[in-house]
>>> print(open('entry15.tsv').read())   # TSV, C-alpha atoms
chain	number	residue	atom	x	y	z
A	1	MET	CA	-23.87	-26.52	-1.59
A	2	LEU	CA	-24.12	-28.57	1.55
A	3	ASN	CA	-24.06	-26.40	4.68
A	4	ILE	CA	-23.46	-28.05	8.03
A	5	GLU	CA	-23.85	-26.21	11.30
A	6	MET	CA	-22.02	-27.80	14.21
A	7	THR	CA	-21.00	-27.09	17.76
A	8	PRO	CA	-17.62	-25.41	17.50
A	9	ALA	CA	-15.97	-27.77	19.98
A	10	ARG	CA	-16.42	-30.76	17.63
A	11	ILE	CA	-15.41	-29.09	14.37
A	12	HIS	CA	-11.76	-30.09	14.57
A	13	GLU	CA	-12.72	-33.73	15.08
A	14	ALA	CA	-15.24	-33.62	12.23
A	15	ILE	CA	-12.84	-32.08	9.75
A	16	SER	CA	-10.17	-34.56	10.74
A	17	TRP	CA	-12.56	-37.45	10.16
A	18	LEU	CA	-13.64	-36.08	6.79
A	19	GLN	CA	-10.05	-35.63	5.75
A	20	GLN	CA	-8.99	-39.14	6.67
A	21	HIS	CA	-12.04	-40.94	5.32
A	22	GLN	CA	-10.98	-43.13	2.41
A	23	ASP	CA	-13.98	-42.52	0.17
A	24	LEU	CA	-14.94	-38.96	1.07
A	25	SER	CA	-11.33	-37.75	1.30
A	26	VAL	CA	-12.09	-34.08	1.83
A	27	ASN	CA	-8.53	-33.06	1.28
A	28	TYR	CA	-8.68	-29.36	0.37
A	29	LEU	CA	-9.48	-26.42	2.60
A	30	THR	CA	-10.75	-23.61	0.41
A	31	ASN	CA	-11.45	-20.86	2.91
A	32	ILE	CA	-11.92	-19.97	6.55
A	33	ALA	CA	-14.05	-16.91	7.18
A	34	GLY	CA	-15.61	-15.13	10.10
A	35	VAL	CA	-18.98	-13.41	10.32
A	36	HIS	CA	-20.27	-11.07	12.99
A	37	TYR	CA	-23.97	-11.11	13.83
A	38	PRO	CA	-24.38	-8.52	16.57
A	39	GLU	CA	-28.10	-9.18	16.97
A	40	SER	CA	-28.02	-12.92	17.70
A	41	ALA	CA	-27.46	-13.27	21.40
A	42	GLY	CA	-25.16	-16.13	22.27
A	43	ARG	CA	-24.23	-16.77	18.63
A	44	GLU	CA	-22.54	-13.53	17.69
A	45	PHE	CA	-19.57	-14.83	15.73
A	46	ALA	CA	-19.61	-17.51	13.09
A	47	VAL	CA	-16.55	-19.33	11.82
A	48	VAL	CA	-17.13	-20.76	8.36
A	49	TYR	CA	-14.93	-23.49	6.88
A	50	GLN	CA	-15.28	-24.20	3.17
A	51	LEU	CA	-13.95	-27.61	2.22
A	52	HIS	CA	-13.54	-29.46	-1.05
A	53	SER	CA	-12.97	-33.06	-2.00
A	54	TRP	CA	-11.02	-33.42	-5.22
A	55	LYS	CA	-11.84	-37.05	-5.72
A	56	ASN	CA	-15.59	-36.63	-5.50
A	57	ASN	CA	-15.91	-33.01	-6.64
A	58	LEU	CA	-17.78	-32.35	-3.45
A	59	ARG	CA	-17.88	-28.94	-1.78
A	60	LEU	CA	-19.21	-28.43	1.70
A	61	ARG	CA	-19.38	-25.66	4.24
A	62	ILE	CA	-19.13	-26.14	7.99
A	63	LYS	CA	-20.27	-23.36	10.28
A	64	GLY	CA	-19.73	-22.98	13.99
A	65	TYR	CA	-21.31	-20.19	16.03
A	66	LEU	CA	-19.44	-18.71	18.95
A	67	PRO	CA	-20.76	-16.44	21.71
A	68	LYS	CA	-18.92	-13.20	22.16
A	69	GLU	CA	-17.94	-14.10	25.74
A	70	ASN	CA	-15.95	-17.15	24.66
A	71	LEU	CA	-14.37	-16.59	21.25
A	72	HIS	CA	-12.22	-19.70	21.22
A	73	ILE	CA	-12.19	-22.50	18.69
A	74	ALA	CA	-9.65	-25.21	17.97
A	75	SER	CA	-7.23	-24.43	15.19
A	76	ILE	CA	-6.99	-26.82	12.24
A	77	THR	CA	-3.42	-25.97	11.28
A	78	ASP	CA	-2.39	-29.48	12.24
A	79	LEU	CA	-4.76	-30.83	9.57
A	80	PHE	CA	-4.29	-28.25	6.85
A	81	ALA	CA	-1.15	-26.14	6.62
A	82	GLY	CA	-3.04	-23.54	4.60
A	83	ALA	CA	-5.25	-22.79	7.58
A	84	ASN	CA	-2.38	-20.91	9.20
A	85	TRP	CA	-2.79	-17.60	7.39
A	86	MET	CA	-6.54	-17.93	7.03
A	87	GLU	CA	-6.95	-18.20	10.78
A	88	ARG	CA	-4.60	-15.28	11.28
A	89	GLU	CA	-6.77	-13.20	8.99
A	90	THR	CA	-9.93	-14.21	10.84
A	91	TYR	CA	-8.25	-13.26	14.10
A	92	ASP	CA	-7.03	-9.97	12.67
A	93	PHE	CA	-10.47	-8.84	11.57
A	94	PHE	CA	-12.84	-10.41	14.13
A	95	GLY	CA	-10.78	-11.30	17.17
A	96	ILE	CA	-11.63	-14.99	17.12
A	97	ILE	CA	-8.91	-16.90	18.98
A	98	PHE	CA	-7.78	-20.18	17.45
A	99	ASP	CA	-6.39	-22.42	20.19
A	100	GLY	CA	-3.31	-24.32	19.16
A	101	HIS	CA	-2.34	-21.95	16.38
A	102	PRO	CA	1.47	-21.71	16.24
A	103	ASP	CA	1.68	-17.96	15.56
A	104	LEU	CA	-1.60	-16.13	16.05
A	105	ARG	CA	-0.96	-12.47	15.26
A	106	ARG	CA	-2.20	-9.83	12.89
A	107	ILE	CA	-1.53	-10.38	9.24
A	108	LEU	CA	-3.08	-7.65	7.10
A	109	ASN	CA	-3.45	-4.73	9.49
A	110	MET	CA	-0.81	-2.78	11.33
A	111	ASP	CA	0.51	-4.67	14.34
A	112	ASP	CA	-0.31	-1.84	16.69
A	113	MET	CA	-3.97	-1.66	15.72
A	114	ASP	CA	-5.98	-2.09	18.88
A	115	TYR	CA	-9.39	-3.09	17.52
A	116	PHE	CA	-10.85	-5.67	15.15
A	117	PRO	CA	-12.08	-3.73	12.12
A	118	MET	CA	-14.63	-6.07	10.57
A	119	ARG	CA	-16.84	-6.11	13.66
A	120	LYS	CA	-20.04	-4.28	13.00
A	121	GLU	CA	-19.57	-1.63	15.65
A	122	TYR	CA	-16.66	-0.03	13.80
A	123	VAL	CA	-17.14	2.22	10.79
A	124	LEU	CA	-15.22	1.65	7.59
A	125	GLU	CA	-13.52	5.03	7.59
A	126	ASP	CA	-10.40	5.76	9.50
A	127	ALA	CA	-11.25	7.12	12.92
A	128	THR	CA	-8.31	9.52	12.94
A	129	ARG	CA	-8.86	11.27	9.63
A	130	GLU	CA	-9.14	15.00	9.88
A	131	ASP	CA	-9.27	16.15	6.30
A	132	LYS	CA	-12.70	14.93	5.21
A	133	ASP	CA	-15.92	16.61	6.16
A	134	ASP	CA	-18.45	14.02	7.28
A	135	ARG	CA	-21.40	16.09	6.07
A	136	PHE	CA	-20.43	15.40	2.46
A	137	PHE	CA	-20.50	11.68	3.13
A	138	GLY	CA	-24.00	11.64	4.48
A	139	ARG	CA	-23.28	11.26	8.14
A	140	ASN	CA	-23.63	13.67	11.04
A	141	ASN	CA	-21.00	13.51	13.71
A	142	ASN	CA	-23.50	12.84	16.43
A	143	GLU	CA	-24.55	9.61	14.76
A	144	LEU	CA	-21.08	8.09	14.99
F	1	MET	CA	23.82	35.48	-26.29
F	2	GLY	CA	23.45	31.97	-27.56
F	3	LYS	CA	21.65	28.90	-26.47
F	4	ILE	CA	22.39	25.32	-25.57
F	5	GLU	CA	18.90	23.80	-25.55
F	6	ASP	CA	17.10	25.99	-23.02
F	7	LEU	CA	20.24	27.39	-21.54
F	8	GLU	CA	21.09	31.01	-22.04
F	9	THR	CA	24.78	31.39	-22.75
F	10	ILE	CA	27.17	34.13	-23.62
F	11	ASN	CA	28.90	33.26	-26.84
F	12	GLY	CA	32.24	34.30	-28.11
F	13	GLU	CA	34.74	33.12	-30.65
F	14	GLY	CA	35.26	29.48	-29.61
F	15	TYR	CA	33.64	29.61	-26.18
F	16	GLN	CA	30.26	29.65	-24.48
F	17	LEU	CA	29.77	30.99	-20.98
F	18	THR	CA	27.13	29.87	-18.55
F	19	THR	CA	26.88	29.05	-14.90
F	20	LEU	CA	27.70	25.56	-13.60
F	21	ASP	CA	24.40	25.43	-11.75
F	22	LYS	CA	22.41	25.88	-14.91
F	23	ALA	CA	24.44	23.42	-16.92
F	24	ILE	CA	24.21	20.77	-14.23
F	25	ALA	CA	20.52	21.38	-13.78
F	26	LEU	CA	19.91	20.94	-17.48
F	27	ALA	CA	21.86	17.70	-17.53
F	28	ARG	CA	19.97	16.43	-14.48
F	29	ALA	CA	16.59	17.31	-15.86
F	30	ASN	CA	17.14	15.40	-19.06
F	31	SER	CA	18.31	12.21	-17.40
F	32	VAL	CA	16.11	11.64	-14.39
F	33	TRP	CA	16.27	7.99	-13.31
F	34	PRO	CA	12.97	7.04	-11.77
F	35	LEU	CA	12.14	4.46	-9.13
F	36	PRO	CA	8.66	3.23	-9.98
F	37	PHE	CA	7.08	2.41	-6.64
F	38	ALA	CA	4.10	0.96	-8.46
F	39	THR	CA	1.50	-0.73	-6.31
F	40	SER	CA	-1.73	-1.13	-8.25
F	41	CYS	CA	-3.63	0.17	-11.27
F	42	CYS	CA	-1.62	3.37	-11.60
F	43	GLY	CA	1.42	1.17	-11.90
F	44	ILE	CA	-0.09	-0.34	-15.02
F	45	GLU	CA	-0.74	3.12	-16.42
F	46	PHE	CA	2.88	3.91	-15.68
F	47	MET	CA	3.93	0.82	-17.57
F	48	ALA	CA	1.84	2.04	-20.50
F	49	THR	CA	3.59	5.38	-20.27
F	50	MET	CA	6.89	3.56	-20.46
F	51	GLY	CA	5.80	1.70	-23.53
F	52	SER	CA	6.42	2.86	-27.05
F	53	ALA	CA	3.10	4.66	-27.59
F	54	TYR	CA	3.68	7.25	-24.85
F	55	ASP	CA	7.38	6.93	-24.62
F	56	LEU	CA	9.08	8.04	-21.43
F	57	SER	CA	12.50	7.23	-22.75
F	58	ARG	CA	12.45	10.36	-24.90
F	59	PHE	CA	12.81	12.18	-21.58
F	60	GLY	CA	15.85	10.14	-20.67
F	61	MET	CA	13.89	8.07	-18.17
F	62	GLU	CA	14.08	4.65	-19.72
F	63	ARG	CA	16.51	3.33	-17.14
F	64	MET	CA	14.32	2.41	-14.22
F	65	SER	CA	16.19	1.83	-11.05
F	66	PHE	CA	14.52	-0.37	-8.50
F	67	THR	CA	17.13	0.40	-5.95
F	68	PRO	CA	16.64	3.74	-4.23
F	69	ARG	CA	20.37	4.30	-4.03
F	70	GLN	CA	20.62	5.05	-7.72
F	71	ALA	CA	17.32	6.79	-8.30
F	72	ASP	CA	16.52	10.47	-8.64
F	73	LEU	CA	12.77	10.40	-8.79
F	74	LEU	CA	10.45	8.31	-6.64
F	75	ILE	CA	7.25	7.70	-8.59
F	76	VAL	CA	4.59	6.46	-6.20
F	77	ALA	CA	1.79	5.01	-8.31
F	78	GLY	CA	-1.00	3.14	-6.62
F	79	THR	CA	-2.67	2.62	-3.29
F	80	ILE	CA	-0.39	2.77	-0.28
F	81	SER	CA	-1.76	0.99	2.76
F	82	LYS	CA	-0.82	1.99	6.26
F	83	LYS	CA	1.20	-1.16	6.62
F	84	LEU	CA	3.30	-0.19	3.60
F	85	GLY	CA	3.87	3.35	4.87
F	86	PRO	CA	7.07	2.70	6.85
F	87	VAL	CA	8.49	0.78	3.88
F	88	LEU	CA	7.86	3.72	1.56
F	89	LYS	CA	9.40	6.10	4.04
F	90	ARG	CA	12.46	3.93	4.33
F	91	VAL	CA	12.82	3.77	0.55
F	92	TYR	CA	12.60	7.57	0.40
F	93	GLU	CA	15.23	7.96	3.11
F	94	GLN	CA	17.58	5.65	1.27
F	95	MET	CA	17.55	7.76	-1.86
F	96	ALA	CA	20.52	10.03	-2.34
F	97	GLU	CA	20.16	13.76	-2.80
F	98	PRO	CA	18.92	15.35	-5.00
F	99	LYS	CA	15.63	13.52	-5.02
F	100	TRP	CA	12.10	14.31	-6.05
F	101	VAL	CA	8.77	12.58	-5.49
F	102	LEU	CA	5.98	12.27	-8.02
F	103	SER	CA	2.66	11.08	-6.65
F	104	VAL	CA	0.63	9.44	-9.41
F	105	GLY	CA	-3.05	8.71	-9.01
F	106	ALA	CA	-5.75	9.57	-6.53
F	107	CYS	CA	-4.75	6.91	-4.02
F	108	ALA	CA	-1.20	8.15	-3.65
F	109	CYS	CA	-2.27	11.79	-3.57
F	110	SER	CA	-5.05	11.52	-1.03
F	111	GLY	CA	-6.19	7.96	-0.46
F	112	GLY	CA	-8.52	8.06	-3.46
F	113	ILE	CA	-11.87	6.36	-3.11
F	114	PHE	CA	-10.45	4.14	-0.37
F	115	ASP	CA	-11.44	6.20	2.64
F	116	THR	CA	-10.88	3.27	5.01
F	117	TYR	CA	-9.05	2.19	8.12
F	118	SER	CA	-6.27	0.51	6.20
F	119	VAL	CA	-5.33	2.97	3.43
F	120	LEU	CA	-2.92	5.81	4.02
F	121	GLN	CA	-4.79	8.95	3.06
F	122	GLY	CA	-2.10	10.41	0.88
F	123	ILE	CA	1.63	9.77	0.87
F	124	ASP	CA	2.28	13.36	1.86
F	125	ARG	CA	1.50	12.26	5.36
F	126	ILE	CA	4.84	10.50	5.48
F	127	ILE	CA	7.12	11.91	2.77
F	128	PRO	CA	7.34	15.30	1.06
F	129	VAL	CA	5.85	15.28	-2.43
F	130	ASP	CA	6.89	17.56	-5.28
F	131	VAL	CA	4.29	17.00	-7.97
F	132	TYR	CA	0.83	15.45	-7.68
F	133	VAL	CA	-0.82	13.84	-10.68
F	134	PRO	CA	-4.52	13.30	-9.94
F	135	GLY	CA	-6.62	10.80	-11.80
F	136	CYS	CA	-7.98	7.35	-11.34
F	137	PRO	CA	-5.91	6.34	-13.16
F	138	PRO	CA	-4.38	9.34	-14.88
F	139	ARG	CA	-3.93	9.02	-18.62
F	140	PRO	CA	-0.32	8.59	-19.77
F	141	GLU	CA	-0.45	12.11	-21.13
F	142	GLN	CA	-1.17	13.37	-17.63
F	143	ILE	CA	1.67	11.35	-16.17
F	144	ILE	CA	3.97	12.83	-18.79
F	145	GLU	CA	2.81	16.31	-17.83
F	146	GLY	CA	3.64	15.46	-14.22
F	147	VAL	CA	7.09	14.36	-15.32
F	148	MET	CA	7.57	17.57	-17.28
F	149	ASN	CA	6.66	19.57	-14.19
F	150	ILE	CA	9.31	17.62	-12.31
F	151	HIS	CA	11.77	18.64	-15.00
F	152	GLU	CA	10.88	22.28	-14.41
F	153	LEU	CA	11.60	21.80	-10.72
F	154	VAL	CA	14.86	20.02	-11.45
F	155	LYS	CA	16.06	22.81	-13.70
F	156	LYS	CA	15.54	25.37	-10.96
F	157	GLU	CA	17.03	23.26	-8.16
F	158	SER	CA	20.02	24.67	-6.38
F	159	ASN	CA	22.98	22.33	-5.99
F	160	ARG	CA	23.21	23.12	-2.31
F	161	ARG	CA	19.60	22.42	-1.46
F	162	ARG	CA	20.34	19.67	0.98
F	163	TYR	CA	22.28	21.98	3.26
F	164	SER	CA	19.68	24.72	3.43
F	165	GLU	CA	17.83	25.28	6.69
F	166	GLU	CA	14.50	25.38	4.93
F	167	TYR	CA	14.99	21.90	3.54
F	168	LYS	CA	16.07	20.48	6.87
F	169	HIS	CA	13.05	22.03	8.50
F	170	LEU	CA	10.76	20.56	5.87
F	171	LEU	CA	12.16	17.09	6.38
F	172	GLY	CA	11.98	17.63	10.11
F	173	THR	CA	8.23	17.98	9.87
F	174	TYR	CA	8.18	14.46	8.41
F	175	GLU	CA	10.56	13.23	11.09
F	176	ILE	CA	13.27	12.51	8.57
F	177	ASP	CA	16.76	13.40	9.78
F	178	ILE	CA	18.95	13.86	6.73
F	179	ASP	CA	22.16	14.17	8.69
F	180	GLN	CA	21.88	10.59	9.82
F	181	HIS	CA	22.95	7.88	7.40
F	182	ALA	CA	20.14	5.72	6.14
F	183	GLU	CA	21.99	2.45	6.81
F	184	SER	CA	21.86	2.90	10.53
F	185	LYS	CA	18.06	3.07	10.51
>>> encode(input="entry15.tsv", output="structure tokens")
Amino acid sequence: MLNIEMTPARIHEAISWLQQHQDLSVNYLTNIAGVHYPESAGREFAVVYQLHSWKNNLRLRIKGYLPKENLHIASITDLFAGANWMERETYDFFGIIFDGHPDLRRILNMDDMDYFPMRKEYVLEDATREDKDDRFFGRNNNEL
Amino acid sequence: MGKIEDLETINGEGYQLTTLDKAIALARANSVWPLPFATSCCGIEFMATMGSAYDLSRFGMERMSFTPRQADLLIVAGTISKKLGPVLKRVYEQMAEPKWVLSVGACACSGGIFDTYSVLQGIDRIIPVDVYVPGCPPRPEQIIEGVMNIHELVKKESNRRRYSEEYKHLLGTYEIDIDQHAESK
């Protein structure tokens, strides 16, 4: 599948051009995902757009890398209505802010959750559980 | 002494004597109307238990009520996430007394294999549970045994349970105030 890496500031313009192009007509947004790479300095968060053209049976993936100091990228809800909830999910789990999104708030987690769970620094287990002994799960408390 | 089903009675010429509590309890136990709060795979097992191979309707439970106002038994089958917790609590509060809770499956009993940030680790963190049915998912026979244990509890239930101090204290530990009407919540 064709993977395109772009500067995040131009992604909105590129997707808009692809969507309006008469022959390419990339008219379907399949998925928006986020990835966290804690080791890459300056490119910690990736936003991945998976697009599909029905007419040409063409799938392509556009990636933009964001530094953790400036987690803003333009929202594409004005191009694809389906991007609304997908961007909310990416915000809920990674904290990536989509500028221009009409209603950017948490979608799958509790509204009062104060961290972004899919970032690599957070463990999968609930931090407030008190009824499971960590020794049986292969972790010592001083490693957490 | 005679018997009506499992009820001990004193028999005479043309009459049978028993206590109202016992007669009501027997009637309640044999016509429990469940509310299947079925979320995931255990809900499918519950549907299988409702089917004709492992029939639940022989226990008088074929009339499912999906409104808590008319249900006796809240059957929580499936994974409950933390976001769904307040909804489940509200459904429990809207049920009328007497009510019982059956927790079906590992996820409802203790969070199951989903030891994560988003899954409620057991519904007994938010509502009081009467019978736990472990399993992932439990076989229909196990769900039926859970239901039969509920029947044993129903038969022994006092009619004035809701006014007892012990019950109010128990619900107080879950922050459920039974003197307040559910509609105002």
>>> interface_residues(input="entry15.tsv", of="chain F", to="chain A", cutoff="10 Å", atoms="all atoms listed in the file", output="list of chain:residue names")
F:Ser81, F:Lys82, F:Lys83, F:Leu84, F:Ser110, F:Phe114, F:Asp115, F:Thr116, F:Tyr117, F:Ser118, F:Val119, F:Leu120, F:Gln121
>>> write_last_selection(input="entry15.tsv", atoms="C-alpha atoms", output="mmCIF file, in the frame of the given file")
data_model
loop_
_atom_site.group_PDB
_atom_site.id
_atom_site.type_symbol
_atom_site.label_atom_id
_atom_site.label_comp_id
_atom_site.auth_asym_id
_atom_site.auth_seq_id
_atom_site.Cartn_x
_atom_site.Cartn_y
_atom_site.Cartn_z
ATOM 1 C CA SER F 81 -1.760 0.990 2.760
ATOM 2 C CA LYS F 82 -0.820 1.990 6.260
ATOM 3 C CA LYS F 83 1.200 -1.160 6.620
ATOM 4 C CA LEU F 84 3.300 -0.190 3.600
ATOM 5 C CA SER F 110 -5.050 11.520 -1.030
ATOM 6 C CA PHE F 114 -10.450 4.140 -0.370
ATOM 7 C CA ASP F 115 -11.440 6.200 2.640
ATOM 8 C CA THR F 116 -10.880 3.270 5.010
ATOM 9 C CA TYR F 117 -9.050 2.190 8.120
ATOM 10 C CA SER F 118 -6.270 0.510 6.200
ATOM 11 C CA VAL F 119 -5.330 2.970 3.430
ATOM 12 C CA LEU F 120 -2.920 5.810 4.020
ATOM 13 C CA GLN F 121 -4.790 8.950 3.060
#
>>> residues_around(input="entry15.tsv", residues="region 95-103 of chain A", least_positions_apart="6", cutoff="9 Å", atoms="all atoms listed in the file", output="NGL selection string")
:A and (34 or 45 or 47 or 66 or 70-78 or 84 or 87-88 or 115-116 or 119)
>>> atom_distance(input="entry15.tsv", atom1="CA of Trp17 (chain A)", atom2="CA of Ala83 (chain A)")
16.6 Å
>>> atom_distance(input="entry15.tsv", atom1="CA of Arg43 (chain A)", atom2="CA of Tyr65 (chain A)")
5.2 Å
>>> residues_around(input="entry15.tsv", residues="Glu145 (chain F)", least_positions_apart="2", cutoff="12 Å", atoms="only C-alpha atoms", output="PDB file with C-alpha atoms, keeping the file's coordinate frame")
ATOM      1  CA  THR F  49       3.590   5.380 -20.270  1.00  0.00           C
ATOM      2  CA  TYR F  54       3.680   7.250 -24.850  1.00  0.00           C
ATOM      3  CA  LEU F  56       9.080   8.040 -21.430  1.00  0.00           C
ATOM      4  CA  PHE F  59      12.810  12.180 -21.580  1.00  0.00           C
ATOM      5  CA  LEU F 102       5.980  12.270  -8.020  1.00  0.00           C
ATOM      6  CA  VAL F 104       0.630   9.440  -9.410  1.00  0.00           C
ATOM      7  CA  VAL F 131       4.290  17.000  -7.970  1.00  0.00           C
ATOM      8  CA  TYR F 132       0.830  15.450  -7.680  1.00  0.00           C
ATOM      9  CA  VAL F 133      -0.820  13.840 -10.680  1.00  0.00           C
ATOM     10  CA  PRO F 134      -4.520  13.300  -9.940  1.00  0.00           C
ATOM     11  CA  PRO F 138      -4.380   9.340 -14.880  1.00  0.00           C
ATOM     12  CA  ARG F 139      -3.930   9.020 -18.620  1.00  0.00           C
ATOM     13  CA  PRO F 140      -0.320   8.590 -19.770  1.00  0.00           C
ATOM     14  CA  GLU F 141      -0.450  12.110 -21.130  1.00  0.00           C
ATOM     15  CA  GLN F 142      -1.170  13.370 -17.630  1.00  0.00           C
ATOM     16  CA  ILE F 143       1.670  11.350 -16.170  1.00  0.00           C
ATOM     17  CA  VAL F 147       7.090  14.360 -15.320  1.00  0.00           C
ATOM     18  CA  MET F 148       7.570  17.570 -17.280  1.00  0.00           C
ATOM     19  CA  ASN F 149       6.660  19.570 -14.190  1.00  0.00           C
ATOM     20  CA  ILE F 150       9.310  17.620 -12.310  1.00  0.00           C
ATOM     21  CA  HIS F 151      11.770  18.640 -15.000  1.00  0.00           C
ATOM     22  CA  GLU F 152      10.880  22.280 -14.410  1.00  0.00           C
TER      23      GLU F 152
END
>>> atom_distance(input="entry15.tsv", atom1="CA of Ile62 (chain A)", atom2="CA of Phe94 (chain A)")
18.0 Å
>>> residues_near_point(input="entry15.tsv", point="(-24.0, -27.3, -2.5)", cutoff="10 Å", atoms="all atoms listed in the file", output="PyMOL selection string")
chain A and resi 1-3+58-61
>>> axis_aligned_box(input="entry15.tsv", around="region 107-111 of chain A", padding_each_side="5 Å", output="JSON")
{"center_x": -1.5, "center_y": -6.6, "center_z": 10.7, "size_x": 14.0, "size_y": 17.6, "size_z": 17.2}
>>> residues_around(input="entry15.tsv", residues="Ser57 (chain F)", least_positions_apart="5", cutoff="12 Å", atoms="only C-alpha atoms", output="PDB file with C-alpha atoms, in the coordinates of the input")
ATOM      1  CA  ASN F  30      17.140  15.400 -19.060  1.00  0.00           C
ATOM      2  CA  SER F  31      18.310  12.210 -17.400  1.00  0.00           C
ATOM      3  CA  VAL F  32      16.110  11.640 -14.390  1.00  0.00           C
ATOM      4  CA  TRP F  33      16.270   7.990 -13.310  1.00  0.00           C
ATOM      5  CA  PRO F  34      12.970   7.040 -11.770  1.00  0.00           C
ATOM      6  CA  MET F  47       3.930   0.820 -17.570  1.00  0.00           C
ATOM      7  CA  THR F  49       3.590   5.380 -20.270  1.00  0.00           C
ATOM      8  CA  MET F  50       6.890   3.560 -20.460  1.00  0.00           C
ATOM      9  CA  GLY F  51       5.800   1.700 -23.530  1.00  0.00           C
ATOM     10  CA  SER F  52       6.420   2.860 -27.050  1.00  0.00           C
ATOM     11  CA  GLU F  62      14.080   4.650 -19.720  1.00  0.00           C
ATOM     12  CA  ARG F  63      16.510   3.330 -17.140  1.00  0.00           C
ATOM     13  CA  MET F  64      14.320   2.410 -14.220  1.00  0.00           C
ATOM     14  CA  ILE F 144       3.970  12.830 -18.790  1.00  0.00           C
ATOM     15  CA  VAL F 147       7.090  14.360 -15.320  1.00  0.00           C
TER      16      VAL F 147
END
>>> closest_atom_pairs(input="entry15.tsv", of="region 44-69 of chain A", to="region 29-33 of chain A", cutoff="7 Å", atoms="only C-alpha atoms", output="Markdown table")
| residue | atom | partner | partner_atom | distance |
| --- | --- | --- | --- | --- |
| A:Val47 | CA | A:Ala33 | CA | 5.8 |
| A:Val48 | CA | A:Ala33 | CA | 5.1 |
| A:Tyr49 | CA | A:Ile32 | CA | 4.6 |
| A:Gln50 | CA | A:Asn31 | CA | 5.1 |
| A:Leu51 | CA | A:Leu29 | CA | 4.6 |
| A:His52 | CA | A:Leu29 | CA | 6.2 |
>>> residues_around(input="entry15.tsv", residues="Lys22 (chain F)", least_positions_apart="4", cutoff="8 Å", atoms="all atoms listed in the file", output="list in words")
Leu7, Thr18, Leu26, Lys155 and Lys156 of chain F
>>> closest_residue(input="entry15.tsv", among="F:Val76, F:Val154, F:Met61, F:Cys42", to="Asp21 (chain F)", atoms="only C-alpha atoms")
F:Val154
>>> residues_around(input="entry15.tsv", residues="Ala108 (chain F)", least_positions_apart="3", cutoff="6 Å", atoms="only C-alpha atoms", output="NGL selection string")
:F and (78-79 or 103 or 105 or 111 or 122-123)
>>> decode(input="entry15.tsv", residues="region 33-65 of chain A", atoms="C-alpha atoms", output="tab-separated table (two decimals), in the first residue's frame")
chain	number	residue	atom	x	y	z
A	33	ALA	CA	-5.01	6.64	14.01
A	34	GLY	CA	-2.33	7.93	16.32
A	35	VAL	CA	1.00	6.36	17.21
A	36	HIS	CA	3.38	7.28	19.99
A	37	TYR	CA	7.11	6.85	19.44
A	38	PRO	CA	8.72	8.01	22.66
A	39	GLU	CA	12.26	7.45	21.38
A	40	SER	CA	12.16	9.64	18.27
A	41	ALA	CA	13.01	13.12	19.38
A	42	GLY	CA	10.98	15.76	17.60
A	43	ARG	CA	8.70	13.20	15.94
A	44	GLU	CA	7.05	11.60	18.92
A	45	PHE	CA	3.47	11.39	17.71
A	46	ALA	CA	2.29	10.21	14.33
A	47	VAL	CA	-1.15	10.83	12.90
A	48	VAL	CA	-2.03	8.27	10.25
A	49	TYR	CA	-4.83	8.82	7.73
A	50	GLN	CA	-5.96	5.83	5.70
A	51	LEU	CA	-7.82	6.82	2.56
A	52	HIS	CA	-9.58	4.91	-0.19
A	53	SER	CA	-10.74	5.75	-3.67
A	54	TRP	CA	-13.78	3.76	-4.70
A	55	LYS	CA	-13.50	4.56	-8.36
A	56	ASN	CA	-9.92	3.41	-8.73
A	57	ASN	CA	-9.77	0.84	-5.92
A	58	LEU	CA	-6.78	2.72	-4.60
A	59	ARG	CA	-5.80	2.71	-0.94
A	60	LEU	CA	-3.22	5.06	0.47
A	61	ARG	CA	-1.88	6.05	3.84
A	62	ILE	CA	-0.75	9.54	4.79
A	63	LYS	CA	1.38	10.00	7.87
A	64	GLY	CA	2.32	13.19	9.65
A	65	TYR	CA	4.76	13.29	12.55
